[in-house]
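As structure tokens, the structure follows; a few thoughts come after it.
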Amino acid sequence: METRRGTGKRMLTNRLLAMEESTIVWITGASSGIGEALAKAWSQKGAIVILSSRKEAELERVKAECAYPEKCFIVCLDLADPASLDAAAKTVLERFGYVDILVNNGGISQRSLVVETPMEIDRRIMQVDYFGGVQLAKAVLPSMLARKKGHFVAISSIVGVFGFPQRSAYSAAKHAMHGFYETLRAENAQYGIKVTVVCPGRILTNVSLHALTATGAEHGVMDHGQKNGISAEECARRIMKAVRRSKKEVYVCRIDVLMVYFRRYIPALYYRLAGKVKPN
């Protein structure tokens, strides 16, 4: 005979699953890395998942590998192209009416010194990492306000908290994200809008391979820190836990989180270390 505790636990699990099933989650950068891991994790919970990136073939692969592919929908977009973002937002809102959770995860990193980086690279990174996500956030915010419900998950970085060699534009874009989402939260918390800013450290993804160099070409090298980083799946698990708990900010790091605390509490030590730390 099943115990009362066992019955209660099963009922709670079923209620949680039912809640997830009604959740519509839109994830950018869903074709690989953290975005892919989040898509699979939310699908496992029974959520409706909207998968977005430029790479339709990879999105089809991710969809096929999700627990409930029939509840996954592909909406291609290019964060560097504002017109494609308008079209994507229109498609999503016309089809679903609203988005419960928008995960602005898509982005591109950098591997070049300030002195060698032309302004077109700075502008491209800012468009992809900052303006693209802001445009989508502004597109879905009115529908969230109408329902008095919605959650923005902004995938920033620990270099959104401090500067780091060879990441000037990337770090600047992530710093800008913090300012935007802190303001969005302050303006709209009273209307039921939540914001979770995620600051990953070194995560095992292909981000360093696709990072832009000063010429605009891809870096093409797996950084040592990336190679030995936290798995994308573990990162996704921590992000989802933070979202469930409505955390305002979460760091997904190992020892690299020390630089955050040095910058905050022992700035003199941070400044000494910042110029010496290996950027890779």
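Labeling convention for the structure tokens: chains A, B, ... as they appear, residues from 1 per chain, ligands from 1 in order of appearance.
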
If we count only C-alpha atoms and set the cut-off at 9 Å, which residues sit around Phe96 in chain A, ignoring sequence neighbours fewer than 4 positions away in its own chain? Please answer as an MDAnalysis selection string. chainID A and resid 24 91:92

Residue neighbourhood Ile27 in chain A, 8 Å, only C-alpha atoms, exclusion window fewer than 4 positions, as an MDAnalysis selection string: chainID A and resid 35 38:39 49:52 102:105

Would you please work out which residue, of A:Gly106, A:Gly220, A:Gly192, A:Gly229, is nearest to Leu145 in chain A when using only C-alpha atoms? A:Gly192

Length of the CA of Arg54 in chain A to CA of Leu77 in chain A vector [Å]: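 Taking CA of Arg54 in chain A as the start and CA of Leu77 in chain A as the end point, the length is 5.3 Å.
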
Taking 5 positions as the minimum chain separation for residues in the same chain, which residues sit within 8 Å of range 147-164 of chain A when counting only C-alpha atoms? Answer as a PDB file with C-alpha atoms, in the first residue's frame.
```pdb
ATOM      1  CA  VAL A  99       5.166  34.376 -23.699  1.00  0.00           C
ATOM      2  CA  ASP A 100       5.527  33.341 -20.057  1.00  0.00           C
ATOM      3  CA  ILE A 101       9.324  33.222 -20.049  1.00  0.00           C
ATOM      4  CA  LEU A 102      11.664  34.923 -22.524  1.00  0.00           C
ATOM      5  CA  VAL A 103      15.219  33.631 -22.310  1.00  0.00           C
ATOM      6  CA  ASN A 104      17.528  36.090 -24.059  1.00  0.00           C
ATOM      7  CA  ASN A 105      20.452  33.729 -24.421  1.00  0.00           C
ATOM      8  CA  ALA A 137      12.031  42.074 -24.562  1.00  0.00           C
ATOM      9  CA  LEU A 141       6.574  43.131 -22.499  1.00  0.00           C
ATOM     10  CA  SER A 171      31.911  42.861 -21.535  1.00  0.00           C
ATOM     11  CA  ALA A 172      30.378  46.234 -22.440  1.00  0.00           C
ATOM     12  CA  ALA A 173      27.304  44.552 -23.954  1.00  0.00           C
ATOM     13  CA  LYS A 174      26.849  42.405 -20.859  1.00  0.00           C
ATOM     14  CA  HIS A 175      27.247  45.429 -18.580  1.00  0.00           C
ATOM     15  CA  ALA A 176      24.548  47.153 -20.637  1.00  0.00           C
ATOM     16  CA  MET A 177      22.256  44.145 -20.193  1.00  0.00           C
ATOM     17  CA  HIS A 178      22.487  44.512 -16.419  1.00  0.00           C
ATOM     18  CA  TYR A 181      17.101  44.532 -16.963  1.00  0.00           C
ATOM     19  CA  TYR A 191       2.841  44.538 -12.333  1.00  0.00           C
ATOM     20  CA  GLY A 192       3.954  40.939 -11.815  1.00  0.00           C
ATOM     21  CA  ILE A 193       6.986  41.036 -14.104  1.00  0.00           C
ATOM     22  CA  LYS A 194      10.055  39.104 -12.931  1.00  0.00           C
ATOM     23  CA  VAL A 195      13.657  39.322 -14.095  1.00  0.00           C
ATOM     24  CA  THR A 196      16.490  36.865 -13.522  1.00  0.00           C
ATOM     25  CA  VAL A 197      19.949  37.927 -14.699  1.00  0.00           C
ATOM     26  CA  VAL A 198      22.250  34.930 -15.120  1.00  0.00           C
ATOM     27  CA  CYS A 199      26.017  35.369 -14.970  1.00  0.00           C
ATOM     28  CA  PRO A 200      27.760  32.229 -16.207  1.00  0.00           C
ATOM     29  CA  GLY A 201      31.475  31.820 -15.794  1.00  0.00           C
ATOM     30  CA  VAL A 243      13.896  30.918 -12.243  1.00  0.00           C
ATOM     31  CA  TYR A 251      26.220  33.193 -10.769  1.00  0.00           C
ATOM     32  CA  VAL A 257      33.400  33.692  -9.261  1.00  0.00           C
ATOM     33  CA  VAL A 260      33.351  39.004  -8.844  1.00  0.00           C
ATOM     34  CA  ARG A 263      35.948  43.373  -7.592  1.00  0.00           C
ATOM     35  CA  ALA A 274      42.920  41.813 -13.832  1.00  0.00           C
ATOM     36  CA  PRO A 279      42.250  35.761 -20.993  1.00  0.00           C
TER      37      PRO A 279
END
```

For range 172-238 of chain A against range 114-117 of chain A, with a cut-off of 12 Å and counting only C-alpha atoms, what is the closest atom pair and its distance in Å to one decimal for every residue that makes the cut, ordered by chain and number, as CSV?
```
residue,atom,partner,partner_atom,distance
A:Ala172,CA,A:Val114,CA,11.7
A:Leu212,CA,A:Thr117,CA,9.9
A:Thr213,CA,A:Thr117,CA,7.8
A:Ala214,CA,A:Thr117,CA,4.7
A:Thr215,CA,A:Thr117,CA,7.7
A:Gly216,CA,A:Thr117,CA,9.1
A:Ala217,CA,A:Thr117,CA,11.9
```
